[in-house]
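Source file: coords-v2.cif; contents: mmCIF, C-alpha atoms.
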```cif
data_my_file
loop_
_atom_site.label_atom_id
_atom_site.label_comp_id
_atom_site.auth_asym_id
_atom_site.auth_seq_id
_atom_site.Cartn_x
_atom_site.Cartn_y
_atom_site.Cartn_z
CA MET A 195 -31.06 38.06 -36.02
CA ALA A 196 -31.62 36.44 -39.38
CA SER A 197 -34.08 39.10 -40.48
CA GLU A 198 -31.62 41.98 -40.32
CA ASN A 199 -32.25 44.81 -42.75
CA ASN A 200 -30.38 44.61 -46.04
CA SER A 201 -28.28 47.37 -47.56
CA THR A 202 -31.43 49.13 -48.80
CA GLY A 203 -32.83 49.36 -45.28
CA ARG A 204 -35.73 47.10 -46.18
CA HIS A 205 -36.70 44.34 -43.75
CA THR A 206 -35.88 40.87 -45.06
CA VAL A 207 -37.80 37.73 -44.11
CA ARG A 208 -35.81 34.54 -44.63
CA VAL A 209 -37.98 31.48 -45.17
CA GLY A 210 -36.83 27.89 -45.49
CA VAL A 211 -39.16 25.28 -47.02
CA PHE A 212 -37.91 22.06 -45.45
CA ILE A 213 -38.46 18.89 -47.51
CA PRO A 214 -36.00 16.20 -46.38
CA THR A 215 -37.82 13.39 -48.23
CA ASP A 216 -40.83 14.41 -50.36
CA CYS A 217 -44.05 16.38 -49.97
CA GLN A 218 -47.52 17.21 -51.25
CA VAL A 219 -47.55 19.92 -53.94
CA LEU A 220 -50.46 21.79 -52.36
CA ASP A 221 -48.77 21.75 -48.95
CA ALA A 222 -45.63 23.37 -50.34
CA ALA A 223 -47.67 25.87 -52.36
CA SER A 224 -48.85 27.69 -49.22
CA VAL A 225 -45.42 29.31 -48.96
CA ASP A 226 -46.40 31.36 -52.02
CA ILE A 227 -48.64 33.45 -49.79
CA MET A 228 -45.53 34.77 -48.05
CA GLY A 229 -43.85 35.15 -51.41
CA ASN A 230 -46.74 37.30 -52.59
CA MET A 231 -46.20 39.62 -49.62
CA SER A 232 -42.71 40.42 -50.80
CA TYR A 233 -41.37 43.64 -52.24
CA GLU A 234 -40.19 41.60 -55.22
CA TYR A 235 -43.72 40.41 -55.98
CA PHE A 236 -45.29 43.84 -55.55
CA GLN A 237 -42.81 45.23 -58.04
CA LEU A 238 -44.15 42.70 -60.57
CA VAL A 239 -47.69 44.01 -60.07
CA SER A 240 -46.69 47.66 -59.71
CA ALA A 241 -49.14 48.68 -62.45
CA MET A 242 -51.95 47.67 -60.09
CA VAL A 243 -50.54 48.84 -56.76
CA PRO A 244 -49.42 52.36 -55.72
CA LYS A 245 -45.87 53.02 -54.58
CA ALA A 246 -47.04 53.78 -51.05
CA VAL A 247 -48.16 50.17 -50.71
CA ILE A 248 -45.12 48.66 -52.43
CA ASP A 249 -42.79 50.53 -50.09
CA LEU A 250 -44.38 48.78 -47.08
CA ALA A 251 -43.52 45.30 -48.32
CA PRO A 252 -40.51 43.42 -46.93
CA MET A 253 -38.01 41.46 -48.97
CA VAL A 254 -38.81 37.74 -48.74
CA GLU A 255 -36.05 35.24 -49.45
CA ILE A 256 -37.29 31.66 -49.88
CA ARG A 257 -34.97 28.67 -49.88
CA TYR A 258 -35.95 25.08 -50.66
CA ILE A 259 -34.02 22.86 -48.30
CA GLY A 260 -33.65 19.12 -48.76
CA SER A 261 -31.44 16.10 -48.19
CA VAL A 262 -30.03 16.51 -51.69
CA LYS A 263 -27.41 18.90 -53.00
CA ALA A 264 -28.30 22.34 -54.29
CA GLY A 265 -29.63 22.08 -57.83
CA GLU A 266 -30.86 18.51 -57.44
CA PRO A 267 -34.59 17.70 -57.57
CA ILE A 268 -36.84 17.16 -54.57
CA LYS A 269 -39.76 14.90 -55.35
CA LEU A 270 -43.31 16.20 -54.94
CA THR A 271 -46.66 14.59 -55.67
CA SER A 272 -48.41 14.76 -59.08
CA ASN A 273 -45.16 13.98 -60.87
CA GLU A 274 -43.71 17.36 -59.91
CA SER A 275 -40.38 18.26 -58.42
CA ILE A 276 -38.53 21.38 -57.34
CA LEU A 277 -34.81 22.05 -57.33
CA ALA A 278 -33.20 22.33 -53.94
CA THR A 279 -31.49 25.61 -53.28
CA ASN A 280 -29.71 24.11 -50.28
CA HIS A 281 -28.83 20.91 -48.48
CA PHE A 282 -29.83 21.32 -44.85
CA SER A 283 -26.16 21.19 -43.79
CA ASP A 284 -25.28 24.29 -45.83
CA PRO A 285 -24.04 27.25 -43.74
CA GLU A 286 -26.57 29.56 -45.46
CA VAL A 287 -29.45 27.73 -43.76
CA ALA A 288 -27.83 27.00 -40.41
CA PRO A 289 -29.76 27.86 -37.23
CA GLY A 290 -29.79 31.63 -36.85
CA LYS A 291 -29.85 32.24 -40.61
CA LEU A 292 -33.61 31.78 -41.11
CA ASP A 293 -36.75 33.32 -39.62
CA VAL A 294 -39.40 30.82 -40.69
CA ILE A 295 -39.23 27.09 -41.35
CA HIS A 296 -42.14 25.95 -43.51
CA VAL A 297 -42.67 22.16 -43.26
CA PRO A 298 -44.98 20.82 -45.99
CA GLY A 299 -46.42 17.36 -45.51
CA PRO A 300 -44.28 14.36 -46.49
CA ASP A 301 -45.30 10.73 -46.89
CA PRO A 302 -45.96 9.92 -43.21
CA PHE A 303 -45.16 6.24 -43.72
CA ARG A 304 -41.53 6.92 -44.68
CA GLY A 305 -38.75 7.47 -42.22
CA PHE A 306 -36.82 10.72 -41.97
CA PRO A 307 -33.03 11.11 -42.00
CA PRO A 308 -31.92 11.49 -38.35
CA ASP A 309 -29.59 14.39 -39.14
CA ALA A 310 -32.43 16.20 -40.91
CA VAL A 311 -34.66 15.69 -37.87
CA ALA A 312 -31.88 17.07 -35.67
CA TRP A 313 -31.57 20.12 -37.96
CA LEU A 314 -35.27 20.89 -37.57
CA ARG A 315 -35.04 20.48 -33.79
CA GLU A 316 -32.14 22.89 -33.63
CA GLN A 317 -33.99 25.42 -35.80
CA ALA A 318 -37.01 25.25 -33.50
CA ASN A 319 -34.79 25.84 -30.46
CA THR A 320 -33.26 28.96 -32.03
CA PRO A 321 -34.75 32.19 -30.61
CA GLY A 322 -36.85 34.09 -33.13
CA VAL A 323 -37.48 31.13 -35.45
CA ASP A 324 -41.06 30.05 -36.16
CA ILE A 325 -42.03 26.58 -37.42
CA LEU A 326 -45.05 26.26 -39.75
CA SER A 327 -46.15 22.62 -40.04
CA VAL A 328 -48.60 21.82 -42.85
CA CYS A 329 -50.68 18.62 -42.96
CA SER A 330 -48.48 15.53 -42.39
CA GLY A 331 -45.53 17.79 -41.65
CA ILE A 332 -46.75 17.17 -38.11
CA PHE A 333 -45.02 13.76 -38.19
CA LEU A 334 -41.66 15.28 -39.05
CA CYS A 335 -42.16 17.88 -36.32
CA GLY A 336 -43.16 15.13 -33.92
CA GLU A 337 -40.01 13.16 -34.68
CA ALA A 338 -38.02 16.31 -33.90
CA GLY A 339 -39.71 16.56 -30.49
CA LEU A 340 -41.55 19.77 -31.31
CA LEU A 341 -44.98 18.50 -30.21
CA LYS A 342 -43.96 17.62 -26.66
CA GLY A 343 -46.14 19.45 -24.16
CA ARG A 344 -47.91 21.45 -26.87
CA LYS A 345 -51.27 21.68 -28.59
CA ALA A 346 -51.08 20.60 -32.22
CA CYS A 347 -53.28 19.99 -35.24
CA GLY A 348 -52.42 17.64 -38.08
CA PRO A 349 -54.97 16.19 -40.52
CA ARG A 350 -58.42 15.37 -39.17
CA GLY A 351 -58.28 11.84 -40.52
CA MET A 352 -54.90 11.13 -38.89
CA GLN A 353 -55.52 12.16 -35.29
CA SER A 354 -55.39 8.62 -33.91
CA MET A 355 -52.30 7.87 -35.98
CA ILE A 356 -50.51 10.94 -34.63
CA LYS A 357 -51.49 10.09 -31.07
CA ALA A 358 -50.26 6.52 -31.46
CA LYS A 359 -46.77 7.84 -32.29
CA GLY A 360 -46.35 9.00 -28.69
CA TYR A 361 -44.92 12.40 -29.48
CA GLY A 362 -45.96 13.70 -26.05
CA GLU A 363 -48.27 16.45 -27.26
CA LYS A 364 -50.38 18.21 -24.66
CA GLU A 365 -53.50 17.97 -26.83
CA LEU A 366 -54.38 17.14 -30.41
CA VAL A 367 -57.01 19.54 -31.75
CA GLY A 368 -56.93 18.69 -35.45
CA ASP A 369 -60.43 17.24 -35.34
CA LYS A 370 -61.73 20.70 -34.40
CA TYR A 371 -59.39 23.33 -35.83
CA ARG A 372 -57.83 24.09 -39.20
CA TRP A 373 -54.73 25.42 -37.46
CA ILE A 374 -53.38 26.12 -34.01
CA GLN A 375 -50.44 28.01 -32.53
CA ASP A 376 -48.52 26.97 -29.44
CA GLY A 377 -45.40 29.02 -28.90
CA ASN A 378 -43.27 29.12 -32.03
CA LEU A 379 -45.00 26.03 -33.45
CA TRP A 380 -47.86 26.64 -35.86
CA SER A 381 -49.54 23.48 -37.17
CA SER A 382 -52.37 22.98 -39.63
CA GLY A 383 -54.84 20.33 -40.67
CA GLY A 384 -54.77 18.65 -44.04
CA ILE A 385 -53.35 20.14 -47.23
CA THR A 386 -55.05 23.46 -48.10
CA ASN A 387 -55.53 24.27 -44.43
CA GLY A 388 -51.90 25.28 -44.82
CA ASN A 389 -53.20 28.38 -46.62
CA ASP A 390 -55.29 29.28 -43.57
CA LEU A 391 -52.28 28.64 -41.35
CA VAL A 392 -49.91 30.85 -43.34
CA ALA A 393 -52.50 33.65 -43.53
CA ALA A 394 -53.02 33.49 -39.76
CA TYR A 395 -49.28 33.42 -39.14
CA CYS A 396 -48.65 36.44 -41.33
CA ARG A 397 -51.41 38.36 -39.55
CA ALA A 398 -49.74 37.66 -36.20
CA SER A 399 -46.13 37.97 -37.33
CA LYS A 400 -43.88 40.98 -36.81
CA HIS A 401 -42.41 40.37 -40.25
CA PHE A 402 -45.37 41.49 -42.37
CA PRO A 403 -47.15 44.89 -42.10
CA ASP A 404 -50.92 44.54 -41.56
CA PRO A 405 -51.94 46.38 -44.78
CA ILE A 406 -49.69 44.12 -46.86
CA VAL A 407 -51.14 41.00 -45.23
CA GLU A 408 -54.75 42.00 -45.81
CA ILE A 409 -54.15 43.08 -49.41
CA VAL A 410 -52.41 39.81 -50.26
CA CYS A 411 -54.98 37.66 -48.46
CA GLU A 412 -57.68 39.28 -50.61
CA MET A 413 -55.60 39.04 -53.77
CA THR A 414 -54.90 35.34 -53.21
CA GLU A 415 -58.34 34.72 -51.67
CA VAL A 416 -57.10 32.99 -48.53
CA GLY A 417 -57.50 33.53 -44.82
CA ASP A 418 -61.27 34.03 -44.87
CA ARG A 419 -62.31 30.61 -43.52
CA PRO A 420 -63.02 30.22 -39.79
CA GLN A 421 -60.35 28.53 -37.68
CA GLU A 422 -62.88 26.00 -36.44
CA TYR A 423 -64.39 23.41 -38.77
CA LEU A 424 -68.11 23.89 -39.32
CA THR A 425 -68.83 20.50 -40.87
CA GLU A 426 -67.95 16.89 -40.13
CA MET A 427 -65.70 14.81 -42.37
CA LYS A 428 -67.69 12.86 -44.96
CA TRP A 429 -65.02 10.78 -46.67
CA PRO A 430 -64.84 8.03 -43.99
CA GLN A 431 -68.56 7.40 -44.47
CA THR A 432 -68.16 7.42 -48.26
CA ILE A 433 -65.35 4.86 -48.04
CA ALA A 434 -67.40 2.66 -45.72
CA GLN A 435 -70.31 2.74 -48.15
CA LEU A 436 -68.03 1.82 -51.07
CA VAL A 437 -66.52 -1.06 -49.12
CA GLN A 438 -69.95 -2.31 -48.13
CA ALA A 439 -71.18 -2.12 -51.73
CA ALA A 440 -68.08 -3.99 -52.95
CA ASN A 441 -68.61 -6.75 -50.41
CA LEU A 442 -72.22 -7.14 -51.51
CA THR A 443 -71.16 -7.71 -55.10
CA THR A 444 -68.42 -10.27 -54.42
#
```

Rendering of file as structure tokens:
Amino acid sequence: MASENNSTGRHTVRVGVFIPTDCQVLDAASVDIMGNMSYEYFQLVSAMVPKAVIDLAPMVEIRYIGSVKAGEPIKLTSNESILATNHFSDPEVAPGKLDVIHVPGPDPFRGFPPDAVAWLREQANTPGVDILSVCSGIFLCGEAGLLKGRKACGPRGMQSMIKAKGYGEKELVGDKYRWIQDGNLWSSGGITNGNDLVAAYCRASKHFPDPIVEIVCEMTEVGDRPQEYLTEMKWPQTIAQLVQAANLTT
């Protein structure tokens, strides 16, 4: 398994953030929740946390995987970028080398490299690997065939667009839920619902001890929203009102 114990005997969780084209900054940022559950992070805040807690934390190794070479930038929104640690063809991130594939939302109107799509499909078919799809990451997962026969989320405002793609999902529930799990596929609604998704995943995962998960969720103030939306979307109505007002003044 990828998550074999290292030479210190500490459990290691190997996470790959998969960005073959580009992505939303806030989507990618949800991986930091897992980073904050790491032994490395707890050592940084050791003045605040007793050794008994620190010793529970696993090692967490995070790689940023793109269609560019290691060391080259991957474009994010808000004029940000991150440096790739790996091209997806690198042996270090081959199927069987990772435990979690985190898929932050790309521009859904761009195409995806076929070999990158195939890589994601192969990862999802590897026993023990979990796929975390955030926001429009659902389109990349759909292209890889991961939605077929499954329940899935995706952004509330894009449900009809996802359905029109014909990915073969069993049911789209993104108009109702912030996140949903079906097998090894975890998918969230728009943007910061990725925080809720990652918190829920960590609570259910064998990789993270319960006390560590709850401490970090409180420290980062995530994971306390209900899975089900309690309010309706308002932005479509706001847009309609703005369009109507514009038409009245032209």

- Task: Could you give me, as a list in words, the residues within 8 Å of Met228 in chain A, counting only C-alpha atoms and dropping anything in the same chain fewer than 6 positions from it?
- Result: Val254, Val392 and Cys396 of chain A

The selected residues should be written to file as an mmCIF file, in the frame of the given file (atoms: C-alpha atoms).
```
data_model
loop_
_atom_site.group_PDB
_atom_site.id
_atom_site.type_symbol
_atom_site.label_atom_id
_atom_site.label_comp_id
_atom_site.auth_asym_id
_atom_site.auth_seq_id
_atom_site.Cartn_x
_atom_site.Cartn_y
_atom_site.Cartn_z
ATOM 1 C CA VAL A 254 -38.810 37.740 -48.740
ATOM 2 C CA VAL A 392 -49.910 30.850 -43.340
ATOM 3 C CA CYS A 396 -48.650 36.440 -41.330
#
```

- Item | Residue neighbourhood Thr271 in chain A, 9 Å, all atoms listed in the file, exclusion window fewer than 2 positions, as a list in words | Asp216, Cys217, Gln218, Val219, Leu220, Lys269, Asn273, Glu274 and Ser275 of chain A

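Here the PyMOL selection byres ((chain A and resi 309) around 12) captures the residues A:Pro214, A:Gly260, A:Ser261, A:His281, A:Phe282, A:Ser283, A:Gly305, A:Phe306, A:Pro307, A:Pro308, A:Ala310, A:Val311, A:Ala312, A:Trp313, A:Leu314, A:Arg315, A:Glu316, A:Glu337, A:Ala338.
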
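Evaluated on this file, the PyMOL selection byres ((chain A and resi 248) around 12) matches Arg204, Asn230, Met231, Ser232, Tyr233, Glu234, Tyr235, Phe236, Gln237, Leu238, Val239, Ser240, Ala241, Met242, Val243, Pro244, Lys245, Ala246, Val247, Asp249, Leu250, Ala251, Pro252, Met253, Pro403, Pro405, Ile406, Ile409 and Val410 of chain A.
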
- Query: Applied to the shown file, which residues does the PyMOL selection byres ((chain A and resi 394) around 12) return, written as an MDAnalysis selection string?
  - Reply: chainID A and resid 224 227:228 326 372:375 380:382 387:393 395:399 402 404 407:408 411 416:421

May I ask you to restore N, CA and C atoms in range 379-415 of chain A and write the result as a PDB file, in the coordinates of the input?
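Once everything was written out, this is selection37.pdb:
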```pdb
ATOM      1  N   LEU A 379     -44.507  27.087 -32.567  1.00  0.00           N
ATOM      2  CA  LEU A 379     -45.000  26.030 -33.450  1.00  0.00           C
ATOM      3  C   LEU A 379     -46.414  26.341 -33.919  1.00  0.00           C
ATOM      4  N   TRP A 380     -46.564  26.470 -35.221  1.00  0.00           N
ATOM      5  CA  TRP A 380     -47.860  26.640 -35.860  1.00  0.00           C
ATOM      6  C   TRP A 380     -48.126  25.377 -36.669  1.00  0.00           C
ATOM      7  N   SER A 381     -49.254  24.712 -36.443  1.00  0.00           N
ATOM      8  CA  SER A 381     -49.540  23.480 -37.170  1.00  0.00           C
ATOM      9  C   SER A 381     -50.943  23.530 -37.758  1.00  0.00           C
ATOM     10  N   SER A 382     -51.078  22.935 -38.941  1.00  0.00           N
ATOM     11  CA  SER A 382     -52.370  22.980 -39.630  1.00  0.00           C
ATOM     12  C   SER A 382     -52.938  21.591 -39.822  1.00  0.00           C
ATOM     13  N   GLY A 383     -54.201  21.566 -40.237  1.00  0.00           N
ATOM     14  CA  GLY A 383     -54.840  20.330 -40.670  1.00  0.00           C
ATOM     15  C   GLY A 383     -54.379  19.996 -42.074  1.00  0.00           C
ATOM     16  N   GLY A 384     -55.176  19.188 -42.754  1.00  0.00           N
ATOM     17  CA  GLY A 384     -54.770  18.650 -44.040  1.00  0.00           C
ATOM     18  C   GLY A 384     -54.641  19.672 -45.153  1.00  0.00           C
ATOM     19  N   ILE A 385     -53.629  19.524 -45.928  1.00  0.00           N
ATOM     20  CA  ILE A 385     -53.350  20.140 -47.230  1.00  0.00           C
ATOM     21  C   ILE A 385     -53.657  21.636 -47.284  1.00  0.00           C
ATOM     22  N   THR A 386     -54.804  22.038 -47.867  1.00  0.00           N
ATOM     23  CA  THR A 386     -55.050  23.460 -48.100  1.00  0.00           C
ATOM     24  C   THR A 386     -55.353  24.233 -46.821  1.00  0.00           C
ATOM     25  N   ASN A 387     -55.486  23.546 -45.693  1.00  0.00           N
ATOM     26  CA  ASN A 387     -55.530  24.270 -44.430  1.00  0.00           C
ATOM     27  C   ASN A 387     -54.207  24.977 -44.168  1.00  0.00           C
ATOM     28  N   GLY A 388     -53.172  24.566 -44.898  1.00  0.00           N
ATOM     29  CA  GLY A 388     -51.900  25.280 -44.820  1.00  0.00           C
ATOM     30  C   GLY A 388     -52.038  26.728 -45.263  1.00  0.00           C
ATOM     31  N   ASN A 389     -52.952  26.994 -46.201  1.00  0.00           N
ATOM     32  CA  ASN A 389     -53.200  28.380 -46.620  1.00  0.00           C
ATOM     33  C   ASN A 389     -53.764  29.196 -45.458  1.00  0.00           C
ATOM     34  N   ASP A 390     -54.708  28.594 -44.727  1.00  0.00           N
ATOM     35  CA  ASP A 390     -55.290  29.280 -43.570  1.00  0.00           C
ATOM     36  C   ASP A 390     -54.217  29.520 -42.501  1.00  0.00           C
ATOM     37  N   LEU A 391     -53.356  28.527 -42.323  1.00  0.00           N
ATOM     38  CA  LEU A 391     -52.280  28.640 -41.350  1.00  0.00           C
ATOM     39  C   LEU A 391     -51.335  29.780 -41.692  1.00  0.00           C
ATOM     40  N   VAL A 392     -50.870  29.824 -42.938  1.00  0.00           N
ATOM     41  CA  VAL A 392     -49.910  30.850 -43.340  1.00  0.00           C
ATOM     42  C   VAL A 392     -50.544  32.241 -43.251  1.00  0.00           C
ATOM     43  N   ALA A 393     -51.808  32.354 -43.644  1.00  0.00           N
ATOM     44  CA  ALA A 393     -52.500  33.650 -43.530  1.00  0.00           C
ATOM     45  C   ALA A 393     -52.569  34.094 -42.075  1.00  0.00           C
ATOM     46  N   ALA A 394     -52.927  33.161 -41.190  1.00  0.00           N
ATOM     47  CA  ALA A 394     -53.020  33.490 -39.760  1.00  0.00           C
ATOM     48  C   ALA A 394     -51.648  33.864 -39.200  1.00  0.00           C
ATOM     49  N   TYR A 395     -50.630  33.115 -39.616  1.00  0.00           N
ATOM     50  CA  TYR A 395     -49.280  33.420 -39.140  1.00  0.00           C
ATOM     51  C   TYR A 395     -48.847  34.822 -39.572  1.00  0.00           C
ATOM     52  N   CYS A 396     -49.069  35.140 -40.819  1.00  0.00           N
ATOM     53  CA  CYS A 396     -48.650  36.440 -41.330  1.00  0.00           C
ATOM     54  C   CYS A 396     -49.385  37.579 -40.622  1.00  0.00           C
ATOM     55  N   ARG A 397     -50.642  37.348 -40.278  1.00  0.00           N
ATOM     56  CA  ARG A 397     -51.410  38.360 -39.550  1.00  0.00           C
ATOM     57  C   ARG A 397     -50.831  38.597 -38.154  1.00  0.00           C
ATOM     58  N   ALA A 398     -50.274  37.547 -37.557  1.00  0.00           N
ATOM     59  CA  ALA A 398     -49.740  37.660 -36.200  1.00  0.00           C
ATOM     60  C   ALA A 398     -48.261  38.020 -36.170  1.00  0.00           C
ATOM     61  N   SER A 399     -47.578  37.847 -37.289  1.00  0.00           N
ATOM     62  CA  SER A 399     -46.130  37.970 -37.330  1.00  0.00           C
ATOM     63  C   SER A 399     -45.661  39.423 -37.364  1.00  0.00           C
ATOM     64  N   LYS A 400     -44.510  39.654 -36.764  1.00  0.00           N
ATOM     65  CA  LYS A 400     -43.880  40.980 -36.810  1.00  0.00           C
ATOM     66  C   LYS A 400     -43.257  41.258 -38.172  1.00  0.00           C
ATOM     67  N   HIS A 401     -43.134  40.227 -38.995  1.00  0.00           N
ATOM     68  CA  HIS A 401     -42.410  40.370 -40.250  1.00  0.00           C
ATOM     69  C   HIS A 401     -43.208  41.057 -41.362  1.00  0.00           C
ATOM     70  N   PHE A 402     -44.540  41.015 -41.259  1.00  0.00           N
ATOM     71  CA  PHE A 402     -45.370  41.490 -42.370  1.00  0.00           C
ATOM     72  C   PHE A 402     -46.318  42.600 -41.890  1.00  0.00           C
ATOM     73  N   PRO A 403     -46.247  43.797 -42.474  1.00  0.00           N
ATOM     74  CA  PRO A 403     -47.150  44.890 -42.100  1.00  0.00           C
ATOM     75  C   PRO A 403     -48.615  44.504 -42.356  1.00  0.00           C
ATOM     76  N   ASP A 404     -49.498  44.912 -41.462  1.00  0.00           N
ATOM     77  CA  ASP A 404     -50.920  44.540 -41.560  1.00  0.00           C
ATOM     78  C   ASP A 404     -51.533  44.872 -42.924  1.00  0.00           C
ATOM     79  N   PRO A 405     -51.307  46.085 -43.476  1.00  0.00           N
ATOM     80  CA  PRO A 405     -51.940  46.380 -44.780  1.00  0.00           C
ATOM     81  C   PRO A 405     -51.484  45.421 -45.880  1.00  0.00           C
ATOM     82  N   ILE A 406     -50.205  45.047 -45.862  1.00  0.00           N
ATOM     83  CA  ILE A 406     -49.690  44.120 -46.860  1.00  0.00           C
ATOM     84  C   ILE A 406     -50.374  42.758 -46.714  1.00  0.00           C
ATOM     85  N   VAL A 407     -50.506  42.305 -45.482  1.00  0.00           N
ATOM     86  CA  VAL A 407     -51.140  41.000 -45.230  1.00  0.00           C
ATOM     87  C   VAL A 407     -52.569  40.978 -45.750  1.00  0.00           C
ATOM     88  N   GLU A 408     -53.333  42.002 -45.419  1.00  0.00           N
ATOM     89  CA  GLU A 408     -54.750  42.000 -45.810  1.00  0.00           C
ATOM     90  C   GLU A 408     -54.911  42.144 -47.329  1.00  0.00           C
ATOM     91  N   ILE A 409     -54.075  42.947 -47.951  1.00  0.00           N
ATOM     92  CA  ILE A 409     -54.150  43.080 -49.410  1.00  0.00           C
ATOM     93  C   ILE A 409     -53.854  41.747 -50.082  1.00  0.00           C
ATOM     94  N   VAL A 410     -52.797  41.076 -49.632  1.00  0.00           N
ATOM     95  CA  VAL A 410     -52.410  39.810 -50.260  1.00  0.00           C
ATOM     96  C   VAL A 410     -53.424  38.709 -49.966  1.00  0.00           C
ATOM     97  N   CYS A 411     -53.963  38.684 -48.771  1.00  0.00           N
ATOM     98  CA  CYS A 411     -54.980  37.660 -48.460  1.00  0.00           C
ATOM     99  C   CYS A 411     -56.199  37.821 -49.374  1.00  0.00           C
ATOM    100  N   GLU A 412     -56.561  39.074 -49.679  1.00  0.00           N
ATOM    101  CA  GLU A 412     -57.680  39.280 -50.610  1.00  0.00           C
ATOM    102  C   GLU A 412     -57.267  38.957 -52.036  1.00  0.00           C
ATOM    103  N   MET A 413     -56.065  39.323 -52.416  1.00  0.00           N
ATOM    104  CA  MET A 413     -55.600  39.040 -53.770  1.00  0.00           C
ATOM    105  C   MET A 413     -55.520  37.532 -54.040  1.00  0.00           C
ATOM    106  N   THR A 414     -55.061  36.785 -53.045  1.00  0.00           N
ATOM    107  CA  THR A 414     -54.900  35.340 -53.210  1.00  0.00           C
ATOM    108  C   THR A 414     -56.128  34.564 -52.726  1.00  0.00           C
ATOM    109  N   GLU A 415     -57.081  35.299 -52.151  1.00  0.00           N
ATOM    110  CA  GLU A 415     -58.340  34.720 -51.670  1.00  0.00           C
ATOM    111  C   GLU A 415     -58.118  33.593 -50.673  1.00  0.00           C
TER     112      GLU A 415
END
```
